[in-house]
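A.B. asks: Okay, so here is model_16.pdb, and as you'll see once you scroll down, it has PDB, C-alpha atoms.
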ATOM      1  CA  MET E   1      -5.004 123.747 181.449
ATOM      2  CA  MET E   2      -1.331 123.394 180.437
ATOM      3  CA  ASP E   3       1.126 126.050 181.477
ATOM      4  CA  PRO E   4       1.800 128.408 178.484
ATOM      5  CA  MET E   5       5.515 128.174 179.286
ATOM      6  CA  ILE E   6       5.439 124.396 178.812
ATOM      7  CA  ILE E   7       3.622 124.783 175.463
ATOM      8  CA  LEU E   8       6.211 127.359 174.372
ATOM      9  CA  ALA E   9       9.066 125.062 175.466
ATOM     10  CA  LEU E  10       7.542 122.155 173.467
ATOM     11  CA  ILE E  11       7.207 124.341 170.359
ATOM     12  CA  VAL E  12      10.836 125.484 170.731
ATOM     13  CA  LEU E  13      11.934 121.847 171.126
ATOM     14  CA  VAL E  14      10.067 120.764 167.959
ATOM     15  CA  VAL E  15      11.511 123.690 165.951
ATOM     16  CA  VAL E  16      15.059 122.910 167.172
ATOM     17  CA  ALA E  17      14.581 119.223 166.305
ATOM     18  CA  LEU E  18      13.344 120.118 162.801
ATOM     19  CA  ILE E  19      16.279 122.494 162.208
ATOM     20  CA  GLY E  20      18.687 119.821 163.508
ATOM     21  CA  GLU E  21      17.194 117.205 161.173
ATOM     22  CA  ARG E  22      17.479 119.649 158.265
ATOM     23  CA  PHE E  23      21.200 120.210 159.023
ATOM     24  CA  ARG E  24      21.765 116.475 159.451
ATOM     25  CA  ARG E  25      20.132 115.804 156.081
ATOM     26  CA  THR E  26      22.205 118.524 154.385
ATOM     27  CA  GLY E  27      25.332 117.016 155.946
ATOM     28  CA  ARG E  28      24.402 113.512 154.785
ATOM     29  CA  ARG E  29      23.773 114.805 151.250
ATOM     30  CA  ALA E  30      27.146 116.594 151.194
ATOM     31  CA  GLU E  31      28.854 113.424 152.431
ATOM     32  CA  TRP E  32      27.103 111.321 149.776
ATOM     33  CA  LEU E  33      28.081 113.762 147.011
ATOM     34  CA  ARG E  34      31.679 113.714 148.248
ATOM     35  CA  ARG E  35      31.785 109.901 148.209
ATOM     36  CA  GLU E  36      30.146 109.806 144.766
ATOM     37  CA  GLY E  37      32.761 112.104 143.219
ATOM     38  CA  MET E  38      30.015 113.230 140.836
ATOM     39  CA  PRO E  39      30.938 115.657 138.017
ATOM     40  CA  GLU E  40      30.026 119.238 138.867
ATOM     41  CA  GLU E  41      27.346 119.443 136.144
ATOM     42  CA  LEU E  42      25.512 116.436 137.613
ATOM     43  CA  ARG E  43      25.707 117.796 141.167
ATOM     44  CA  THR E  44      23.687 120.809 140.118
ATOM     45  CA  ALA E  45      21.432 118.864 137.720
ATOM     46  CA  LYS E  46      17.934 117.643 138.485
ATOM     47  CA  LEU E  47      17.230 113.931 138.582
ATOM     48  CA  VAL E  48      14.269 113.420 136.233
ATOM     49  CA  ALA E  49      14.149 109.614 136.156
ATOM     50  CA  SER E  50      15.713 106.751 138.060
ATOM     51  CA  GLU E  51      15.284 103.070 137.138
ATOM     52  CA  GLN E  52      12.279 103.994 135.020
ATOM     53  CA  HIS E  53      11.268 101.616 132.244
ATOM     54  CA  TYR E  54      10.742 103.006 128.713
ATOM     55  CA  ARG E  55       9.671 101.537 125.397
ATOM     56  CA  CYS E  56       9.539 102.919 121.867
ATOM     57  CA  GLN E  57       8.629 101.719 118.365
ATOM     58  CA  LYS E  58      10.453 104.362 116.301
ATOM     59  CA  PRO E  59      13.086 104.641 114.869
ATOM     60  CA  VAL E  60      13.252 100.950 115.919
ATOM     61  CA  ALA E  61      11.531  98.924 118.641
ATOM     62  CA  LEU E  62      13.570  99.416 121.812
ATOM     63  CA  SER E  63      13.002  98.881 125.487
ATOM     64  CA  GLY E  64      15.133  99.513 128.521
ATOM     65  CA  THR E  65      15.586 100.958 131.979
ATOM     66  CA  PRO E  66      18.174 103.749 132.109
ATOM     67  CA  ASP E  67      19.707 103.894 135.574
ATOM     68  CA  GLN E  68      19.444 107.669 135.949
ATOM     69  CA  VAL E  69      18.487 110.574 133.684
ATOM     70  CA  TYR E  70      19.487 114.107 134.708
ATOM     71  CA  ARG E  71      18.390 117.475 133.366
ATOM     72  CA  LEU E  72      21.302 119.940 133.317
ATOM     73  CA  PRO E  73      20.638 123.573 134.305
ATOM     74  CA  GLU E  74      20.849 124.556 130.602
ATOM     75  CA  GLY E  75      18.159 121.974 129.751
ATOM     76  CA  ALA E  76      19.960 119.011 128.139
ATOM     77  CA  LEU E  77      19.201 115.488 129.354
ATOM     78  CA  VAL E  78      22.146 113.272 130.336
ATOM     79  CA  VAL E  79      22.008 109.507 130.901
ATOM     80  CA  VAL E  80      24.045 107.723 133.572
ATOM     81  CA  ASP E  81      24.621 103.958 133.699
ATOM     82  CA  THR E  82      26.175 102.155 136.676
ATOM     83  CA  LYS E  83      28.670  99.307 136.318
ATOM     84  CA  ARG E  84      30.353  97.427 139.136
ATOM     85  CA  ARG E  85      33.893  96.553 138.081
ATOM     86  CA  PRO E  86      37.231  95.577 139.628
ATOM     87  CA  ARG E  87      38.835  98.409 137.605
ATOM     88  CA  ALA E  88      37.565 101.755 136.333
ATOM     89  CA  GLN E  89      37.399 100.627 132.717
ATOM     90  CA  VAL E  90      34.787 101.504 130.080
ATOM     91  CA  TYR E  91      33.937  99.053 127.268
ATOM     92  CA  ASP E  92      32.225  99.483 123.880
ATOM     93  CA  ALA E  93      29.170  97.689 125.262
ATOM     94  CA  ASP E  94      28.786 100.448 127.918
ATOM     95  CA  ILE E  95      28.785 103.099 125.195
ATOM     96  CA  ALA E  96      26.328 101.022 123.143
ATOM     97  CA  GLN E  97      24.067 100.730 126.189
ATOM     98  CA  LEU E  98      24.033 104.478 126.878
ATOM     99  CA  SER E  99      23.501 105.230 123.162
ATOM    100  CA  ILE E 100      20.484 102.885 123.081
ATOM    101  CA  TYR E 101      19.022 104.686 126.120
ATOM    102  CA  ARG E 102      19.576 108.025 124.413
ATOM    103  CA  VAL E 103      17.605 106.926 121.328
ATOM    104  CA  LEU E 104      14.919 105.470 123.608
ATOM    105  CA  LEU E 105      14.572 108.731 125.576
ATOM    106  CA  ALA E 106      14.485 110.850 122.404
ATOM    107  CA  ALA E 107      11.370 108.899 121.361
ATOM    108  CA  GLN E 108       9.471 109.556 124.619
ATOM    109  CA  LYS E 109       6.573 112.001 124.673
ATOM    110  CA  ALA E 110       7.621 113.099 128.169
ATOM    111  CA  PHE E 111      10.937 114.404 126.809
ATOM    112  CA  ARG E 112       9.681 115.781 123.493
ATOM    113  CA  GLY E 113      11.425 119.009 122.513
ATOM    114  CA  GLN E 114      14.114 118.530 125.141
ATOM    115  CA  PRO E 115      17.691 118.293 123.877
ATOM    116  CA  LEU E 116      19.668 115.148 124.694
ATOM    117  CA  ALA E 117      23.382 115.511 125.365
ATOM    118  CA  ALA E 118      25.646 113.795 122.831
ATOM    119  CA  TYR E 119      27.497 112.246 125.762
ATOM    120  CA  GLY E 120      26.648 110.235 128.832
ATOM    121  CA  TYR E 121      28.354 108.993 131.981
ATOM    122  CA  VAL E 122      29.368 105.501 132.987
ATOM    123  CA  ARG E 123      29.320 105.379 136.798
ATOM    124  CA  LEU E 124      31.945 102.817 137.737
ATOM    125  CA  VAL E 125      31.769 101.319 141.216
ATOM    126  CA  THR E 126      35.203  99.875 141.970
ATOM    127  CA  PRO E 127      36.868  98.649 145.187
ATOM    128  CA  GLU E 128      38.680 102.027 145.279
ATOM    129  CA  GLY E 129      35.483 104.046 145.090
ATOM    130  CA  VAL E 130      33.069 105.537 142.578
ATOM    131  CA  VAL E 131      34.315 107.074 139.318
ATOM    132  CA  TYR E 132      32.241 108.852 136.656
ATOM    133  CA  ARG E 133      33.584 108.507 133.099
ATOM    134  CA  ARG E 134      32.191 110.788 130.410
ATOM    135  CA  VAL E 135      31.751 109.024 127.062
ATOM    136  CA  GLU E 136      30.705 110.286 123.631
ATOM    137  CA  LEU E 137      27.641 108.384 122.418
ATOM    138  CA  TRP E 138      26.770 106.800 119.103
ATOM    139  CA  ASP E 139      24.323 108.573 116.829
ATOM    140  CA  THR E 140      20.866 107.172 116.088
ATOM    141  CA  ALA E 141      21.940 105.680 112.726
ATOM    142  CA  ARG E 142      24.576 103.520 114.431
ATOM    143  CA  VAL E 143      22.066 102.260 117.006
ATOM    144  CA  VAL E 144      19.694 101.354 114.144
ATOM    145  CA  VAL E 145      22.502  99.389 112.442
ATOM    146  CA  LEU E 146      23.138  97.509 115.718
ATOM    147  CA  HIS E 147      19.424  96.759 115.989
ATOM    148  CA  ARG E 148      19.338  95.356 112.428
ATOM    149  CA  ARG E 149      22.372  93.200 113.191
ATOM    150  CA  TYR E 150      20.654  91.911 116.350
ATOM    151  CA  TRP E 151      17.603  90.729 114.396
ATOM    152  CA  ALA E 152      19.744  89.271 111.603
ATOM    153  CA  LEU E 153      21.540  87.162 114.242
ATOM    154  CA  ARG E 154      18.337  86.225 116.038
ATOM    155  CA  ASP E 155      16.690  85.087 112.813
ATOM    156  CA  GLY E 156      19.796  83.130 111.790
ATOM    157  CA  ARG E 157      20.399  85.283 108.687
ATOM    158  CA  ASP E 158      23.927  86.155 109.845
ATOM    159  CA  THR E 159      26.722  84.302 111.620
ATOM    160  CA  PRO E 160      27.707  85.630 115.044
ATOM    161  CA  THR E 161      31.279  86.611 115.809
ATOM    162  CA  GLY E 162      33.019  85.766 119.085
ATOM    163  CA  ALA E 163      34.267  88.042 121.848
ATOM    164  CA  GLU E 164      37.129  90.355 120.989
ATOM    165  CA  MET E 165      38.655  90.024 124.444
ATOM    166  CA  ALA E 166      39.681  86.635 125.805
ATOM    167  CA  GLY E 167      38.819  87.856 129.316
ATOM    168  CA  LEU E 168      35.115  87.780 128.457
ATOM    169  CA  CYS E 169      35.285  84.078 127.562
ATOM    170  CA  ARG E 170      36.745  83.197 130.972
ATOM    171  CA  TRP E 171      33.549  84.525 132.603
ATOM    172  CA  CYS E 172      31.152  82.989 130.096
ATOM    173  CA  GLY E 173      28.902  80.052 131.008
ATOM    174  CA  HIS E 174      28.718  78.917 127.349
ATOM    175  CA  ARG E 175      32.485  78.433 127.069
ATOM    176  CA  GLU E 176      32.230  74.641 126.626
ATOM    177  CA  ARG E 177      29.683  74.701 123.804
ATOM    178  CA  CYS E 178      30.765  77.968 122.145
ATOM    179  CA  GLY E 179      33.236  76.927 119.448
ATOM    180  CA  LEU E 180      34.543  80.502 119.261
ATOM    181  CA  ALA E 181      35.852  80.745 122.832
ATOM    182  CA  ARG E 182      39.368  82.088 123.250
TER     183      ARG E 182
ATOM    184  CA  MET V   1      22.846  95.085 130.077
ATOM    185  CA  THR V   2      20.237  94.766 127.316
ATOM    186  CA  ASP V   3      20.541  92.043 124.670
ATOM    187  CA  LEU V   4      21.229  94.718 122.080
ATOM    188  CA  ALA V   5      24.198  96.210 123.948
ATOM    189  CA  GLN V   6      25.404  92.659 124.581
ATOM    190  CA  LEU V   7      26.235  92.485 120.848
ATOM    191  CA  ALA V   8      29.073  94.929 121.367
ATOM    192  CA  ARG V   9      30.615  92.428 123.850
ATOM    193  CA  CYS V  10      30.046  89.106 122.114
ATOM    194  CA  GLU V  11      27.497  88.215 119.428
ATOM    195  CA  GLN V  12      27.914  84.502 119.979
ATOM    196  CA  GLN V  13      27.019  84.869 123.669
ATOM    197  CA  MET V  14      23.757  86.616 122.767
ATOM    198  CA  VAL V  15      22.832  83.806 120.358
ATOM    199  CA  LEU V  16      23.706  81.068 122.886
ATOM    200  CA  ASP V  17      21.862  82.926 125.659
ATOM    201  CA  ARG V  18      18.738  82.819 123.533
ATOM    202  CA  GLN V  19      19.199  79.143 122.782
ATOM    203  CA  PHE V  20      20.166  77.838 126.228
ATOM    204  CA  GLY V  21      19.231  80.620 128.635
ATOM    205  CA  LYS V  22      21.702  82.803 130.502
ATOM    206  CA  GLN V  23      24.429  80.510 131.783
ATOM    207  CA  ARG V  24      26.702  82.217 134.253
ATOM    208  CA  PRO V  25      29.380  80.655 136.435
ATOM    209  CA  PRO V  26      28.644  81.058 140.185
ATOM    210  CA  ALA V  27      31.302  83.779 140.597
ATOM    211  CA  ARG V  28      29.725  85.815 137.786
ATOM    212  CA  GLU V  29      26.275  85.227 139.304
ATOM    213  CA  ARG V  30      27.494  86.621 142.623
ATOM    214  CA  LEU V  31      28.908  89.690 140.855
ATOM    215  CA  ALA V  32      25.622  90.196 139.000
ATOM    216  CA  ARG V  33      23.691  90.036 142.293
ATOM    217  CA  ALA V  34      26.067  92.545 143.877
ATOM    218  CA  GLY V  35      25.558  94.779 140.831
ATOM    219  CA  GLU V  36      21.775  94.641 141.241
ATOM    220  CA  ALA V  37      22.095  95.530 144.934
ATOM    221  CA  GLU V  38      24.299  98.499 143.998
ATOM    222  CA  HIS V  39      21.662  99.660 141.478
ATOM    223  CA  ARG V  40      18.925  99.520 144.130
ATOM    224  CA  ARG V  41      21.088 101.360 146.684
ATOM    225  CA  HIS V  42      22.070 104.104 144.245
ATOM    226  CA  ASP V  43      18.482 104.473 142.985
ATOM    227  CA  ARG V  44      17.305 105.052 146.588
ATOM    228  CA  LEU V  45      20.077 107.555 147.416
ATOM    229  CA  ALA V  46      19.846 109.467 144.120
ATOM    230  CA  ARG V  47      16.081 109.883 144.623
ATOM    231  CA  GLN V  48      16.597 110.913 148.246
ATOM    232  CA  TYR V  49      19.325 113.490 147.640
ATOM    233  CA  GLN V  50      18.753 114.643 144.064
ATOM    234  CA  GLY V  51      15.112 115.095 143.430
ATOM    235  CA  GLN V  52      12.499 112.397 143.562
ATOM    236  CA  GLY V  53      12.709 111.943 147.316
ATOM    237  CA  ARG V  54       9.163 110.698 147.692
ATOM    238  CA  GLY V  55       9.459 108.023 145.013
ATOM    239  CA  ARG V  56      10.074 104.500 146.224
ATOM    240  CA  ALA V  57      12.910 102.599 144.636
ATOM    241  CA  ARG V  58      11.598 100.169 142.050
ATOM    242  CA  ASP V  59      11.733  96.565 143.117
ATOM    243  CA  ALA V  60      14.123  95.043 140.610
ATOM    244  CA  ARG V  61      13.524  91.452 141.731
ATOM    245  CA  CYS V  62      12.075  89.092 139.178
ATOM    246  CA  PHE V  63      14.070  85.965 139.867
ATOM    247  CA  VAL V  64      12.912  83.468 137.242
ATOM    248  CA  ALA V  65      12.718  86.011 134.399
ATOM    249  CA  SER V  66      16.170  87.345 135.368
ATOM    250  CA  ALA V  67      17.587  83.821 135.291
ATOM    251  CA  VAL V  68      16.012  83.056 131.924
ATOM    252  CA  TYR V  69      16.418  86.370 130.077
ATOM    253  CA  GLY V  70      18.921  88.330 132.178
ATOM    254  CA  GLU V  71      18.178  90.984 134.799
ATOM    255  CA  SER V  72      18.108  93.892 132.353
ATOM    256  CA  ALA V  73      16.555  92.197 129.331
ATOM    257  CA  TRP V  74      13.474  93.900 127.869
ATOM    258  CA  GLN V  75      11.361  90.817 128.608
ATOM    259  CA  THR V  76      12.297  90.998 132.311
ATOM    260  CA  ASP V  77      11.366  94.676 132.295
ATOM    261  CA  VAL V  78       8.013  93.936 130.661
ATOM    262  CA  LEU V  79       7.247  91.381 133.392
ATOM    263  CA  ARG V  80       8.386  93.738 136.186
ATOM    264  CA  ASP V  81       6.220  96.439 134.696
ATOM    265  CA  TRP V  82       3.232  94.081 134.563
ATOM    266  CA  ARG V  83       3.847  93.046 138.189
ATOM    267  CA  ASP V  84       3.882  96.712 139.322
ATOM    268  CA  ARG V  85       0.968  97.908 137.171
ATOM    269  CA  VAL V  86      -1.393  94.951 137.324
ATOM    270  CA  LEU V  87      -0.563  92.377 140.004
ATOM    271  CA  MET V  88       0.361  94.834 142.770
ATOM    272  CA  ARG V  89      -3.084  96.439 142.537
ATOM    273  CA  LEU V  90      -4.938  93.224 143.358
ATOM    274  CA  TRP V  91      -4.848  91.598 146.805
ATOM    275  CA  PHE V  92      -4.414  88.097 145.375
ATOM    276  CA  GLY V  93      -1.749  89.500 143.048
ATOM    277  CA  ARG V  94       0.192  90.723 146.075
ATOM    278  CA  VAL V  95      -0.209  87.305 147.749
ATOM    279  CA  LEU V  96       1.025  85.627 144.543
ATOM    280  CA  ILE V  97       4.038  87.954 144.393
ATOM    281  CA  SER V  98       4.997  87.312 147.993
ATOM    282  CA  LEU V  99       4.684  83.521 147.456
ATOM    283  CA  TYR V 100       6.734  83.857 144.277
ATOM    284  CA  TYR V 101       9.496  85.721 146.136
ATOM    285  CA  ARG V 102       9.623  82.962 148.749
ATOM    286  CA  LEU V 103       9.755  80.048 146.323
ATOM    287  CA  SER V 104      11.501  81.312 143.205
ATOM    288  CA  PRO V 105      15.106  81.635 144.525
ATOM    289  CA  THR V 106      15.060  77.852 145.149
ATOM    290  CA  GLY V 107      13.524  77.308 141.698
ATOM    291  CA  VAL V 108      16.198  79.441 140.052
ATOM    292  CA  ARG V 109      18.985  77.454 141.756
ATOM    293  CA  TRP V 110      17.357  74.261 140.442
ATOM    294  CA  LEU V 111      17.000  75.696 136.924
ATOM    295  CA  ALA V 112      20.590  76.968 136.595
ATOM    296  CA  PRO V 113      22.267  73.631 135.662
ATOM    297  CA  ARG V 114      19.317  72.493 133.443
ATOM    298  CA  PRO V 115      19.421  74.342 130.091
ATOM    299  CA  ARG V 116      16.596  72.267 128.548
ATOM    300  CA  VAL V 117      14.177  73.038 131.370
ATOM    301  CA  THR V 118      15.324  76.683 131.225
ATOM    302  CA  ALA V 119      14.501  76.736 127.495
ATOM    303  CA  ALA V 120      11.033  75.269 128.244
ATOM    304  CA  VAL V 121      10.413  77.892 130.964
ATOM    305  CA  ARG V 122      11.579  80.525 128.521
ATOM    306  CA  SER V 123       9.021  79.501 125.901
ATOM    307  CA  ILE V 124       6.254  79.693 128.544
ATOM    308  CA  LEU V 125       7.466  83.125 129.651
ATOM    309  CA  ASP V 126       7.740  84.216 125.973
ATOM    310  CA  GLY V 127       4.021  83.516 125.669
ATOM    311  CA  LEU V 128       3.250  85.566 128.790
ATOM    312  CA  VAL V 129       5.465  88.453 127.618
ATOM    313  CA  ALA V 130       3.772  88.434 124.186
ATOM    314  CA  ARG V 131       0.313  88.570 125.844
ATOM    315  CA  VAL V 132       1.351  91.457 128.111
ATOM    316  CA  VAL V 133       2.821  93.418 125.167
ATOM    317  CA  ARG V 134      -0.354  92.776 123.093
ATOM    318  CA  SER V 135      -2.651  93.932 125.884
ATOM    319  CA  ASP V 136      -0.472  97.035 126.415
ATOM    320  CA  LYS V 137      -0.798  97.882 122.720
ATOM    321  CA  ARG V 138      -4.604  97.434 122.893
ATOM    322  CA  GLU V 139      -4.767  99.760 125.915
ATOM    323  CA  LYS V 140      -2.712 102.422 124.130
ATOM    324  CA  SER V 141      -4.696 102.269 120.861
TER     325      SER V 141
END
Could you show the structure in this file as structure tokens?

C.D. replies:
Amino acid sequence: MMDPMIILALIVLVVVALIGERFRRTGRRAEWLRREGMPEELRTAKLVASEQHYRCQKPVALSGTPDQVYRLPEGALVVVDTKRRPRAQVYDADIAQLSIYRVLLAAQKAFRGQPLAAYGYVRLVTPEGVVYRRVELWDTARVVVLHRRYWALRDGRDTPTGAEMAGLCRWCGHRERCGLAR
Amino acid sequence: MTDLAQLARCEQQMVLDRQFGKQRPPARERLARAGEAEHRRHDRLARQYQGQGRGRARDARCFVASAVYGESAWQTDVLRDWRDRVLMRLWFGRVLISLYYRLSPTGVRWLAPRPRVTAAVRSILDGLVARVVRSDKREKS
């Protein structure tokens, strides 16, 4: 039969280890939040989806995987999209991407009746650290127009335009055959 | 980035991507891979510290589809989804996936400078994607 004192000592050791682990975890979380530089409203928000794939048929057929979706304490859903960039710069395509995700989420049964914020965040990972940029999103009508344009280009009913910024052409693998490269 | 959002960057690139497959210079390819790694890392940490701690990060690998369509194209997502929902449940599916992960990086390197072969692979994958989408619709209806 084991000495009751030894059993007590073991229980105390386990409890201390569990408390220590809890503190360590809290410390790691605080350190992660500090490094992330996350906006206050996202710190207190609940993560409701991460890298989850969604599809919808209405208002138009869309499909995509939003990086993260948060529910703010007041109930609105906010989408976050990560980009790895040399500079903390947001482009129109980032706003288009977040707006598409917003329309996609609005069509999901799981989020029915839940308000979607009219803005989102681009999480920019740069050599200097992580920066969150809040951006105002396009409305559904504008996403539908983009979708129509996409199919018009795919079906050859419209002529594509080239990149607005010459920098994009430098990174493009089609530069030689493009004809519109700058 | 989805094909649709790509339009806001360059329409011509989207059209040429569809015609010849995604053609990225090696430096851009490296950046894209680093971006995917960052997504996986952040997915894991966000789940761990902000809610879905028990959920495993989704495996974003799908080498051939990523090379043909792009890593965040809807077709790649459909195939990832099919891998997770259907193949992962079957023992031979898991064996197939592990074989695929071993062999496909070499295949992708071989495909990269061959746009015609990439286009042929794309048409085969288009057929598979269409079948998966059709069977999903049947299941839902």

A.B. asks: Could you tell me which residues the ChimeraX specification (/V :<9) & /E returns for this structure, as a PyMOL selection string?

C.D. replies: chain E and resi 25-26+28-29+32-33+43-53+55+62-65+67-68+82-85+91-98+100+125+146-147+149-150+153-154+159-165+168+171-174+177-178+180

A.B. asks: Here is a test: counting all atoms listed in the file, which residue of E:Val131, E:Arg182, E:Arg157, E:Arg148 is nearest to E:Arg34?

C.D. replies: E:Val131

A.B. asks: To one decimal place, how far is atom CA of E:Gly113 from atom CA of E:Arg142 in Å?

C.D. replies: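 Result for atom CA of E:Gly113 versus atom CA of E:Arg142: 21.9 Å, one decimal.
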
A.B. asks: Spell out the residues picked by the PyMOL selection byres ((chain E and resi 102-104) around 10) here, as a VMD selection string.

C.D. replies: chain E and resid 54 to 66 69 77 to 79 96 to 101 105 to 108 116 to 120 137 to 141 143 to 144

A.B. asks: Using all atoms listed in the file, which residues sit within 12 Å of V:Leu79 once same-chain residues fewer than 2 positions away are excluded, as an NGL selection string?

C.D. replies: (:E and (53)) or (:V and (59-66 or 69 or 71-77 or 81-87 or 97 or 125-133 or 136))

A.B. asks: Output the selection as a compact mmCIF listing (two decimals), in the coordinates of the input - C-alpha atoms for each residue.

C.D. replies:
# COMPACT_ATOMS: atom_id res chain seq x y z
CA HIS E 53 11.27 101.62 132.24
CA ASP V 59 11.73 96.56 143.12
CA ALA V 60 14.12 95.04 140.61
CA ARG V 61 13.52 91.45 141.73
CA CYS V 62 12.08 89.09 139.18
CA PHE V 63 14.07 85.96 139.87
CA VAL V 64 12.91 83.47 137.24
CA ALA V 65 12.72 86.01 134.40
CA SER V 66 16.17 87.34 135.37
CA TYR V 69 16.42 86.37 130.08
CA GLU V 71 18.18 90.98 134.80
CA SER V 72 18.11 93.89 132.35
CA ALA V 73 16.56 92.20 129.33
CA TRP V 74 13.47 93.90 127.87
CA GLN V 75 11.36 90.82 128.61
CA THR V 76 12.30 91.00 132.31
CA ASP V 77 11.37 94.68 132.29
CA ASP V 81 6.22 96.44 134.70
CA TRP V 82 3.23 94.08 134.56
CA ARG V 83 3.85 93.05 138.19
CA ASP V 84 3.88 96.71 139.32
CA ARG V 85 0.97 97.91 137.17
CA VAL V 86 -1.39 94.95 137.32
CA LEU V 87 -0.56 92.38 140.00
CA ILE V 97 4.04 87.95 144.39
CA LEU V 125 7.47 83.12 129.65
CA ASP V 126 7.74 84.22 125.97
CA GLY V 127 4.02 83.52 125.67
CA LEU V 128 3.25 85.57 128.79
CA VAL V 129 5.46 88.45 127.62
CA ALA V 130 3.77 88.43 124.19
CA ARG V 131 0.31 88.57 125.84
CA VAL V 132 1.35 91.46 128.11
CA VAL V 133 2.82 93.42 125.17
CA ASP V 136 -0.47 97.04 126.42

A.B. asks: Hey, which of E:Glu41, E:Glu74, E:Glu136, E:Glu36 ends up closest to E:Arg123? Count all atoms listed in the file.

C.D. replies: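 So, comparing all the options, the nearest one is E:Glu36.
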
A.B. asks: Measuring between all atoms listed in the file, which one of V:Gly93, V:Val68, V:Ser135, V:Arg41 shows the shortest distance to V:Val117?

C.D. replies: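 Checking each of V:Gly93, V:Val68, V:Ser135, V:Arg41 against V:Val117, counting all atoms listed in the file, the winner is V:Val68.
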
A.B. asks: Would you mind reading off the distance between atom CA of E:Ala181 and atom CA of E:Gly167, one decimal, in Å?

C.D. replies: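 Computing it gives 10.1 Å between the two atoms.
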
A.B. asks: What separation in Å, quoted to one decimal, exists between atom CA of E:Arg133 and atom CA of E:Gly27?

C.D. replies: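 Interatomic distance here is 25.7 Å.
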
A.B. asks: Is it possible to get the axis-aligned box enclosing stretch 70-80 of chain V (all listed atoms, 5 Å extra per side) as AutoDock Vina command-line options, with centre and edge lengths in Å rounded to one decimal?

C.D. replies:
--center_x 13.1 --center_y 91.5 --center_z 132.0 --size_x 21.7 --size_y 16.3 --size_z 18.3
